[in-house]
file entry-v3.cif (mmCIF, C-alpha atoms)
data_upload
loop_
_atom_site.label_atom_id
_atom_site.label_comp_id
_atom_site.auth_asym_id
_atom_site.auth_seq_id
_atom_site.Cartn_x
_atom_site.Cartn_y
_atom_site.Cartn_z
CA MET A 1 82.59 17.80 -55.08
CA LEU A 2 79.40 19.84 -55.17
CA LEU A 3 76.06 18.10 -54.86
CA LEU A 4 73.47 20.32 -56.53
CA PRO A 5 70.03 18.69 -56.91
CA VAL A 6 68.69 19.14 -60.42
CA ARG A 7 65.72 21.24 -59.25
CA LEU A 8 68.20 23.71 -57.71
CA TRP A 9 70.47 23.53 -60.79
CA GLU A 10 67.43 24.61 -62.79
CA ARG A 11 66.73 27.54 -60.45
CA VAL A 12 70.34 28.71 -60.67
CA VAL A 13 70.37 28.57 -64.47
CA ALA A 14 66.91 30.17 -64.76
CA HIS A 15 68.06 33.11 -62.62
CA CYS A 16 71.10 33.52 -64.87
CA LEU A 17 68.93 33.52 -68.00
CA ASP A 18 66.48 35.95 -66.40
CA GLY A 19 69.35 38.31 -65.72
CA LEU A 20 70.47 38.67 -69.33
CA PRO A 21 72.01 40.80 -70.74
CA LEU A 22 73.62 41.44 -67.32
CA GLU A 23 75.50 39.04 -65.10
CA ALA A 24 73.31 37.39 -62.47
CA CYS A 25 74.32 36.00 -59.08
CA GLY A 26 73.07 34.17 -56.04
CA LEU A 27 74.08 32.19 -52.98
CA LEU A 28 74.24 28.48 -52.18
CA ALA A 29 73.26 27.14 -48.77
CA GLY A 30 73.84 23.72 -47.34
CA HIS A 31 76.46 21.62 -45.60
CA ASP A 32 79.61 19.78 -46.61
CA GLY A 33 79.28 20.40 -50.32
CA GLN A 34 75.61 19.42 -50.41
CA VAL A 35 73.41 22.30 -51.59
CA HIS A 36 70.00 22.29 -49.91
CA GLU A 37 68.79 25.74 -50.93
CA VAL A 38 69.68 28.51 -53.34
CA TYR A 39 69.03 32.22 -52.92
CA PRO A 40 68.90 34.31 -56.10
CA THR A 41 70.18 37.81 -55.37
CA GLY A 42 70.40 41.14 -57.09
CA ASN A 43 73.58 42.19 -58.86
CA ALA A 44 74.50 45.53 -57.33
CA ALA A 45 77.10 46.07 -60.07
CA GLY A 46 74.35 46.08 -62.73
CA SER A 47 76.93 44.97 -65.28
CA ALA A 48 77.44 42.42 -68.03
CA ARG A 49 81.05 41.98 -66.89
CA LEU A 50 80.95 42.28 -63.08
CA TYR A 51 78.77 41.17 -60.23
CA THR A 52 78.37 42.15 -56.62
CA VAL A 53 75.82 40.32 -54.52
CA GLN A 54 73.38 42.98 -53.33
CA PRO A 55 74.45 43.54 -49.69
CA LYS A 56 70.92 43.40 -48.30
CA ASP A 57 70.28 40.16 -50.20
CA LEU A 58 73.48 38.75 -48.72
CA LEU A 59 72.26 39.54 -45.20
CA ARG A 60 68.80 38.12 -45.92
CA ALA A 61 70.24 34.93 -47.40
CA ASP A 62 72.58 34.46 -44.47
CA ARG A 63 69.72 34.81 -42.02
CA ALA A 64 67.42 32.57 -44.04
CA ALA A 65 70.10 29.90 -44.23
CA GLU A 66 70.78 30.12 -40.51
CA GLY A 67 67.06 29.92 -39.79
CA ALA A 68 66.87 26.75 -41.86
CA GLY A 69 69.79 25.19 -40.03
CA LEU A 70 72.06 25.72 -43.05
CA ALA A 71 75.09 27.84 -43.83
CA LEU A 72 76.10 29.78 -46.90
CA ILE A 73 78.59 27.54 -48.70
CA GLY A 74 79.07 29.31 -51.99
CA VAL A 75 78.04 31.70 -54.69
CA TRP A 76 77.10 31.44 -58.31
CA HIS A 77 77.26 33.98 -61.09
CA SER A 78 76.89 34.00 -64.84
CA HIS A 79 79.35 34.74 -67.57
CA THR A 80 77.28 36.07 -70.43
CA HIS A 81 79.90 35.85 -73.16
CA THR A 82 82.83 33.86 -71.78
CA PRO A 83 83.42 30.26 -70.70
CA ALA A 84 82.51 28.86 -67.28
CA TYR A 85 85.91 29.52 -65.77
CA PRO A 86 86.66 32.02 -62.98
CA SER A 87 88.02 35.33 -64.25
CA PRO A 88 91.04 36.94 -62.58
CA THR A 89 88.55 39.23 -60.84
CA ASP A 90 86.65 36.21 -59.51
CA ILE A 91 89.85 34.68 -58.18
CA ASN A 92 91.17 37.87 -56.63
CA GLN A 93 87.91 38.67 -54.88
CA ALA A 94 86.97 35.19 -53.67
CA PRO A 95 86.22 35.84 -50.00
CA ASP A 96 86.23 32.37 -48.49
CA PRO A 97 88.49 29.39 -49.29
CA ASP A 98 85.83 27.05 -47.91
CA TRP A 99 83.21 28.22 -50.40
CA HIS A 100 82.17 26.69 -53.70
CA TYR A 101 82.34 29.12 -56.61
CA VAL A 102 79.90 28.25 -59.36
CA VAL A 103 80.15 29.87 -62.78
CA VAL A 104 77.37 29.51 -65.34
CA SER A 105 78.34 30.28 -68.90
CA LEU A 106 75.63 31.46 -71.25
CA SER A 107 77.99 31.95 -74.18
CA ASP A 108 76.94 28.78 -75.98
CA THR A 109 73.55 27.44 -77.05
CA SER A 110 73.14 25.50 -73.78
CA PRO A 111 74.11 26.83 -70.34
CA VAL A 112 77.28 25.30 -68.88
CA LEU A 113 77.62 25.14 -65.07
CA ARG A 114 80.95 24.42 -63.41
CA SER A 115 82.13 24.71 -59.82
CA TYR A 116 85.52 25.65 -58.37
CA ARG A 117 87.35 25.92 -55.09
CA ILE A 118 89.51 29.03 -54.95
CA VAL A 119 92.40 28.85 -52.49
CA GLY A 120 95.52 30.95 -52.41
CA GLY A 121 94.78 32.59 -55.73
CA GLN A 122 94.32 29.26 -57.53
CA ALA A 123 91.04 27.96 -58.94
CA GLN A 124 90.56 24.20 -58.92
CA GLU A 125 87.55 22.76 -60.70
CA GLU A 126 85.47 20.25 -58.76
CA THR A 127 82.92 17.69 -59.88
CA VAL A 128 79.29 18.77 -59.87
CA VAL A 129 76.77 16.00 -59.22
CA THR A 130 73.12 16.81 -59.92
CA PRO A 131 70.92 14.18 -58.25
CA ALA A 132 67.20 14.14 -59.04
CA MET B 1 76.88 50.58 -25.32
CA THR B 2 77.35 46.84 -25.66
CA VAL B 3 76.63 45.28 -29.04
CA GLU B 4 76.84 41.77 -30.41
CA VAL B 5 79.18 41.49 -33.40
CA ARG B 6 78.59 38.55 -35.72
CA LEU B 7 81.66 37.45 -37.60
CA PRO B 8 81.97 35.60 -40.91
CA ASN B 9 83.89 32.33 -41.03
CA ILE B 10 87.03 33.87 -42.46
CA LEU B 11 87.41 36.37 -39.59
CA ARG B 12 86.78 33.92 -36.77
CA PRO B 13 90.33 32.55 -36.58
CA VAL B 14 91.65 36.02 -35.68
CA ALA B 15 88.86 36.62 -33.15
CA GLY B 16 89.31 33.68 -30.86
CA GLY B 17 87.35 31.33 -33.10
CA GLU B 18 84.04 32.77 -32.01
CA ALA B 19 81.05 33.25 -34.33
CA SER B 20 80.00 36.31 -32.37
CA VAL B 21 81.61 38.52 -29.77
CA GLU B 22 80.49 41.43 -27.64
CA ALA B 23 81.99 44.85 -28.19
CA GLU B 24 81.67 48.30 -26.70
CA GLY B 25 81.06 51.59 -28.46
CA ALA B 26 78.52 54.21 -29.46
CA SER B 27 79.41 54.11 -33.16
CA ILE B 28 80.73 51.59 -35.65
CA GLY B 29 84.12 53.29 -35.46
CA GLU B 30 84.23 52.83 -31.69
CA VAL B 31 83.07 49.24 -31.97
CA PHE B 32 85.85 48.59 -34.50
CA ASP B 33 88.39 50.25 -32.17
CA ASP B 34 87.30 47.97 -29.35
CA LEU B 35 87.47 44.88 -31.56
CA ILE B 36 90.91 45.79 -32.90
CA SER B 37 92.25 46.45 -29.40
CA ARG B 38 91.30 42.91 -28.40
CA PHE B 39 91.87 41.18 -31.75
CA PRO B 40 94.60 43.10 -33.62
CA GLY B 41 94.45 40.59 -36.47
CA LEU B 42 91.06 42.00 -37.45
CA ARG B 43 92.41 45.42 -38.33
CA ASP B 44 93.33 44.87 -41.97
CA SER B 45 89.97 43.26 -42.66
CA LEU B 46 88.01 46.13 -41.11
CA LEU B 47 89.95 49.25 -42.03
CA THR B 48 92.11 50.52 -44.87
CA THR B 49 95.59 51.88 -44.23
CA ASP B 50 93.94 55.32 -44.17
CA GLY B 51 91.62 54.23 -41.38
CA GLU B 52 88.50 54.14 -43.56
CA MET B 53 86.00 51.29 -43.56
CA HIS B 54 87.17 48.64 -45.98
CA ARG B 55 85.11 48.84 -49.16
CA HIS B 56 84.97 45.06 -49.51
CA LEU B 57 83.33 44.72 -46.11
CA ASN B 58 79.59 44.82 -45.55
CA VAL B 59 78.60 46.09 -42.12
CA PHE B 60 75.03 46.00 -40.92
CA VAL B 61 73.51 47.40 -37.75
CA ASN B 62 70.54 45.12 -37.25
CA ASP B 63 68.99 45.29 -40.78
CA ASP B 64 70.66 48.47 -41.95
CA ASP B 65 73.73 48.85 -44.16
CA VAL B 66 76.07 51.36 -42.51
CA ARG B 67 77.12 52.74 -45.91
CA TYR B 68 73.87 54.71 -45.70
CA LEU B 69 74.24 55.62 -42.01
CA GLY B 70 77.60 57.37 -42.03
CA LYS B 71 79.90 54.33 -42.21
CA LEU B 72 82.25 54.54 -39.21
CA ASP B 73 80.11 57.33 -37.75
CA ALA B 74 76.98 55.17 -37.79
CA LYS B 75 75.45 55.10 -34.32
CA VAL B 76 74.81 51.89 -32.43
CA GLY B 77 72.67 51.28 -29.38
CA ASP B 78 72.80 48.89 -26.49
CA GLY B 79 71.82 45.41 -27.66
CA ASP B 80 72.21 46.12 -31.36
CA VAL B 81 73.52 43.36 -33.57
CA VAL B 82 76.40 44.31 -35.86
CA THR B 83 76.92 41.84 -38.69
CA LEU B 84 80.17 41.77 -40.67
CA MET B 85 80.15 40.07 -44.06
CA PRO B 86 82.77 40.25 -46.79
CA ALA B 87 81.49 41.53 -50.10
CA VAL B 88 80.74 38.75 -52.56
CA ALA B 89 81.80 39.98 -55.96
CA GLY B 90 83.67 39.12 -59.11
CA GLY B 91 83.47 39.43 -62.82
#
call {"tool": "encode", "arguments": {"input": "entry-v3.cif", "output": "structure tokens"}}
result
Amino acid sequence: MLLLPVRLWERVVAHCLDGLPLEACGLLAGHDGQVHEVYPTGNAAGSARLYTVQPKDLLRADRAAEGAGLALIGVWHSHTHTPAYPSPTDINQAPDPDWHYVVVSLSDTSPVLRSYRIVGGQAQEETVVTPA
Amino acid sequence: MTVEVRLPNILRPVAGGEASVEAEGASIGEVFDDLISRFPGLRDSLLTTDGEMHRHLNVFVNDDDVRYLGKLDAKVGDGDVVTLMPAVAGG
């Protein structure tokens, strides 16, 4: 389960919308599935179909999280024209089985945010709770 | 030169479980050689079969990305912090 406070849910989705027509991405920081902070990052791929978290933003986010007593626990990215399900590329390149992989689909009239655990090449959806 | 190497979670199990380790070398290539000699399980995460730096690995010397400093030839100094982070990417 991923606990993503609604104010952070809004920041994640806003960053995805701001990134259109390209995919947008960012990092989640917290503990034990509870997100306490989000770090919007640049998409070094500059693509509507691919994302790569800008390396310098990755380093900055890691340090900021550590400085706040948190850890990076996941990543989010947008799918501009496809559903909120991890693509084969997402699954193949998932770096950490302990992370939460959030996909935000912008293909419909309202954004759809879903979260997955990706272990051993398999994506398993998890519940997302958005407390106030 | 002695540097501190910070490891991401997924590499810690093959490096004695430590979040950071010390390593010796005057370049990233030498630091990697030292790490691999002590923790052979790191090799495939650091280097390709051709001995090049793995393209899915981010390596920073202090604040600088070694892709712009010569990759394995990037120089390191005593007390530098080398941070390893897997690329975060998808589609």
call {"tool": "closest_atom_pairs", "arguments": {"input": "entry-v3.cif", "of": "segment 42-61 of chain B", "to": "segment 6-30 of chain B", "cutoff": "10 Å", "atoms": "only C-alpha atoms", "output": "CSV"}}
result
residue,atom,partner,partner_atom,distance
B:Leu42,CA,B:Val14,CA,6.3
B:Arg43,CA,B:Val14,CA,9.8
B:Ser45,CA,B:Leu11,CA,8.0
B:Leu46,CA,B:Leu11,CA,9.9
B:Leu47,CA,B:Gly29,CA,9.7
B:Gly51,CA,B:Gly29,CA,9.6
B:Glu52,CA,B:Gly29,CA,9.2
B:Met53,CA,B:Gly29,CA,8.6
B:Val59,CA,B:Ile28,CA,8.8
B:Phe60,CA,B:Ile28,CA,9.6
B:Val61,CA,B:Ile28,CA,8.6
call {"tool": "closest_residue", "arguments": {"input": "entry-v3.cif", "among": "B:Arg55, B:Asp80, B:Ala74, B:Phe32", "to": "chain A", "atoms": "only C-alpha atoms"}}
result
B:Arg55
call {"tool": "residues_around", "arguments": {"input": "entry-v3.cif", "residues": "segment 21-29 of chain A", "least_positions_apart": "5", "cutoff": "9 Å", "atoms": "all atoms listed in the file", "output": "MDAnalysis selection string"}}
result
(chainID A and resid 12 15:16 34:43 45:53 57:58 61:62 65 70:80 100) or (chainID B and resid 91)
call {"tool": "resolve_selection", "arguments": {"input": "entry-v3.cif", "expression": "the PyMOL selection byres ((chain B) within 7 of (chain A))", "output": "ChimeraX atom specification"}}
result
/B:10,58,86,88-91
call {"tool": "write_last_selection", "arguments": {"input": "entry-v3.cif", "atoms": "C-alpha atoms", "output": "CSV table (one decimal), in the coordinates of the input"}}
result
chain,number,residue,atom,x,y,z
B,10,ILE,CA,87.0,33.9,-42.5
B,58,ASN,CA,79.6,44.8,-45.6
B,86,PRO,CA,82.8,40.2,-46.8
B,88,VAL,CA,80.7,38.8,-52.6
B,89,ALA,CA,81.8,40.0,-56.0
B,90,GLY,CA,83.7,39.1,-59.1
B,91,GLY,CA,83.5,39.4,-62.8
call {"tool": "resolve_selection", "arguments": {"input": "entry-v3.cif", "expression": "the PyMOL selection byres ((chain A and resi 127) around 7)", "output": "number ranges by chain"}}
result
A: 1-2, 125-126, 128-129
call {"tool": "resolve_selection", "arguments": {"input": "entry-v3.cif", "expression": "the PyMOL selection byres ((chain B and resi 79) around 7)", "output": "PyMOL selection string"}}
result
chain B and resi 2-4+77-78+80-81
call {"tool": "atom_distance", "arguments": {"input": "entry-v3.cif", "atom1": "atom CA of Leu17 of chain A", "atom2": "atom CA of Val119 of chain A"}}
result
28.5 Å
call {"tool": "atom_distance", "arguments": {"input": "entry-v3.cif", "atom1": "atom CA of Leu57 of chain B", "atom2": "atom CA of Val82 of chain B"}}
result
12.4 Å
call {"tool": "atom_distance", "arguments": {"input": "entry-v3.cif", "atom1": "atom CA of Leu8 of chain A", "atom2": "atom CA of Ala64 of chain A"}}
result
16.3 Å
call {"tool": "closest_residue", "arguments": {"input": "entry-v3.cif", "among": "A:Ala84, A:Ala132, A:Leu4, A:Leu20", "to": "Val112 of chain A", "atoms": "all atoms listed in the file"}}
result
A:Ala84
call {"tool": "closest_residue", "arguments": {"input": "entry-v3.cif", "among": "A:Gln122, A:Gly33, A:Glu10, A:Pro131", "to": "Val104 of chain A", "atoms": "all atoms listed in the file"}}
result
A:Glu10
call {"tool": "axis_aligned_box", "arguments": {"input": "entry-v3.cif", "around": "segment 103-108 of chain A", "padding_each_side": "5 Å", "output": "JSON"}}
result
{"center_x": 77.9, "center_y": 30.4, "center_z": -69.4, "size_x": 14.5, "size_y": 13.2, "size_z": 23.2}
call {"tool": "build_atoms", "arguments": {"input": "entry-v3.cif", "residues": "segment 71-82 of chain B", "atoms": "all heavy atoms", "output": "mmCIF file, keeping the file's coordinate frame"}}
result
data_model
loop_
_atom_site.group_PDB
_atom_site.id
_atom_site.type_symbol
_atom_site.label_atom_id
_atom_site.label_comp_id
_atom_site.auth_asym_id
_atom_site.auth_seq_id
_atom_site.Cartn_x
_atom_site.Cartn_y
_atom_site.Cartn_z
ATOM 1 N N LYS B 71 78.760 55.256 -42.308
ATOM 2 C CA LYS B 71 79.900 54.330 -42.210
ATOM 3 C C LYS B 71 80.427 54.255 -40.776
ATOM 4 O O LYS B 71 79.698 53.876 -39.878
ATOM 5 C CB LYS B 71 80.982 54.720 -43.224
ATOM 6 C CG LYS B 71 80.488 54.662 -44.670
ATOM 7 C CD LYS B 71 81.579 54.997 -45.647
ATOM 8 C CE LYS B 71 81.058 54.941 -47.074
ATOM 9 N NZ LYS B 71 82.061 55.345 -48.055
ATOM 10 N N LEU B 72 81.677 54.676 -40.557
ATOM 11 C CA LEU B 72 82.250 54.540 -39.210
ATOM 12 C C LEU B 72 81.534 55.414 -38.192
ATOM 13 O O LEU B 72 81.599 55.160 -36.984
ATOM 14 C CB LEU B 72 83.750 54.880 -39.231
ATOM 15 C CG LEU B 72 84.643 53.910 -40.007
ATOM 16 C CD1 LEU B 72 86.093 54.421 -40.023
ATOM 17 C CD2 LEU B 72 84.599 52.510 -39.409
ATOM 18 N N ASP B 73 80.840 56.445 -38.677
ATOM 19 C CA ASP B 73 80.110 57.330 -37.750
ATOM 20 C C ASP B 73 78.714 56.801 -37.416
ATOM 21 O O ASP B 73 78.006 57.412 -36.597
ATOM 22 C CB ASP B 73 79.969 58.730 -38.350
ATOM 23 C CG ASP B 73 81.314 59.433 -38.480
ATOM 24 O OD1 ASP B 73 82.197 59.164 -37.641
ATOM 25 O OD2 ASP B 73 81.478 60.228 -39.428
ATOM 26 N N ALA B 74 78.319 55.701 -38.043
ATOM 27 C CA ALA B 74 76.980 55.170 -37.790
ATOM 28 C C ALA B 74 76.808 54.862 -36.300
ATOM 29 O O ALA B 74 77.676 54.248 -35.681
ATOM 30 C CB ALA B 74 76.759 53.903 -38.612
ATOM 31 N N LYS B 75 75.702 55.294 -35.750
ATOM 32 C CA LYS B 75 75.450 55.100 -34.320
ATOM 33 C C LYS B 75 74.961 53.684 -34.038
ATOM 34 O O LYS B 75 74.249 53.087 -34.849
ATOM 35 C CB LYS B 75 74.391 56.093 -33.828
ATOM 36 C CG LYS B 75 74.791 57.547 -34.023
ATOM 37 C CD LYS B 75 76.054 57.886 -33.253
ATOM 38 C CE LYS B 75 76.465 59.335 -33.460
ATOM 39 N NZ LYS B 75 77.857 59.570 -33.039
ATOM 40 N N VAL B 76 75.342 53.171 -32.882
ATOM 41 C CA VAL B 76 74.810 51.890 -32.430
ATOM 42 C C VAL B 76 74.254 52.065 -31.031
ATOM 43 O O VAL B 76 74.675 52.957 -30.286
ATOM 44 C CB VAL B 76 75.892 50.772 -32.435
ATOM 45 C CG1 VAL B 76 76.395 50.514 -33.844
ATOM 46 C CG2 VAL B 76 77.056 51.120 -31.513
ATOM 47 N N GLY B 77 73.293 51.217 -30.697
ATOM 48 C CA GLY B 77 72.670 51.280 -29.380
ATOM 49 C C GLY B 77 72.876 49.985 -28.625
ATOM 50 O O GLY B 77 73.249 48.954 -29.201
ATOM 51 N N ASP B 78 72.631 50.062 -27.338
ATOM 52 C CA ASP B 78 72.800 48.890 -26.490
ATOM 53 C C ASP B 78 71.941 47.733 -27.025
ATOM 54 O O ASP B 78 70.765 47.909 -27.309
ATOM 55 C CB ASP B 78 72.358 49.245 -25.065
ATOM 56 C CG ASP B 78 73.169 48.528 -24.027
ATOM 57 O OD1 ASP B 78 74.349 48.236 -24.284
ATOM 58 O OD2 ASP B 78 72.611 48.251 -22.959
ATOM 59 N N GLY B 79 72.560 46.580 -27.193
ATOM 60 C CA GLY B 79 71.820 45.410 -27.660
ATOM 61 C C GLY B 79 71.732 45.267 -29.158
ATOM 62 O O GLY B 79 71.189 44.274 -29.649
ATOM 63 N N ASP B 80 72.248 46.245 -29.907
ATOM 64 C CA ASP B 80 72.210 46.120 -31.360
ATOM 65 C C ASP B 80 73.084 44.947 -31.811
ATOM 66 O O ASP B 80 74.046 44.560 -31.132
ATOM 67 C CB ASP B 80 72.750 47.412 -32.029
ATOM 68 C CG ASP B 80 71.691 48.505 -32.080
ATOM 69 O OD1 ASP B 80 70.509 48.219 -31.832
ATOM 70 O OD2 ASP B 80 72.071 49.659 -32.372
ATOM 71 N N VAL B 81 72.728 44.427 -32.975
ATOM 72 C CA VAL B 81 73.520 43.360 -33.570
ATOM 73 C C VAL B 81 74.247 43.931 -34.784
ATOM 74 O O VAL B 81 73.631 44.463 -35.707
ATOM 75 C CB VAL B 81 72.633 42.175 -34.012
ATOM 76 C CG1 VAL B 81 73.475 41.115 -34.736
ATOM 77 C CG2 VAL B 81 71.935 41.566 -32.801
ATOM 78 N N VAL B 82 75.569 43.842 -34.743
ATOM 79 C CA VAL B 82 76.400 44.310 -35.860
ATOM 80 C C VAL B 82 76.895 43.075 -36.610
ATOM 81 O O VAL B 82 77.556 42.212 -36.020
ATOM 82 C CB VAL B 82 77.603 45.132 -35.336
ATOM 83 C CG1 VAL B 82 78.527 45.523 -36.484
ATOM 84 C CG2 VAL B 82 77.105 46.375 -34.597
#
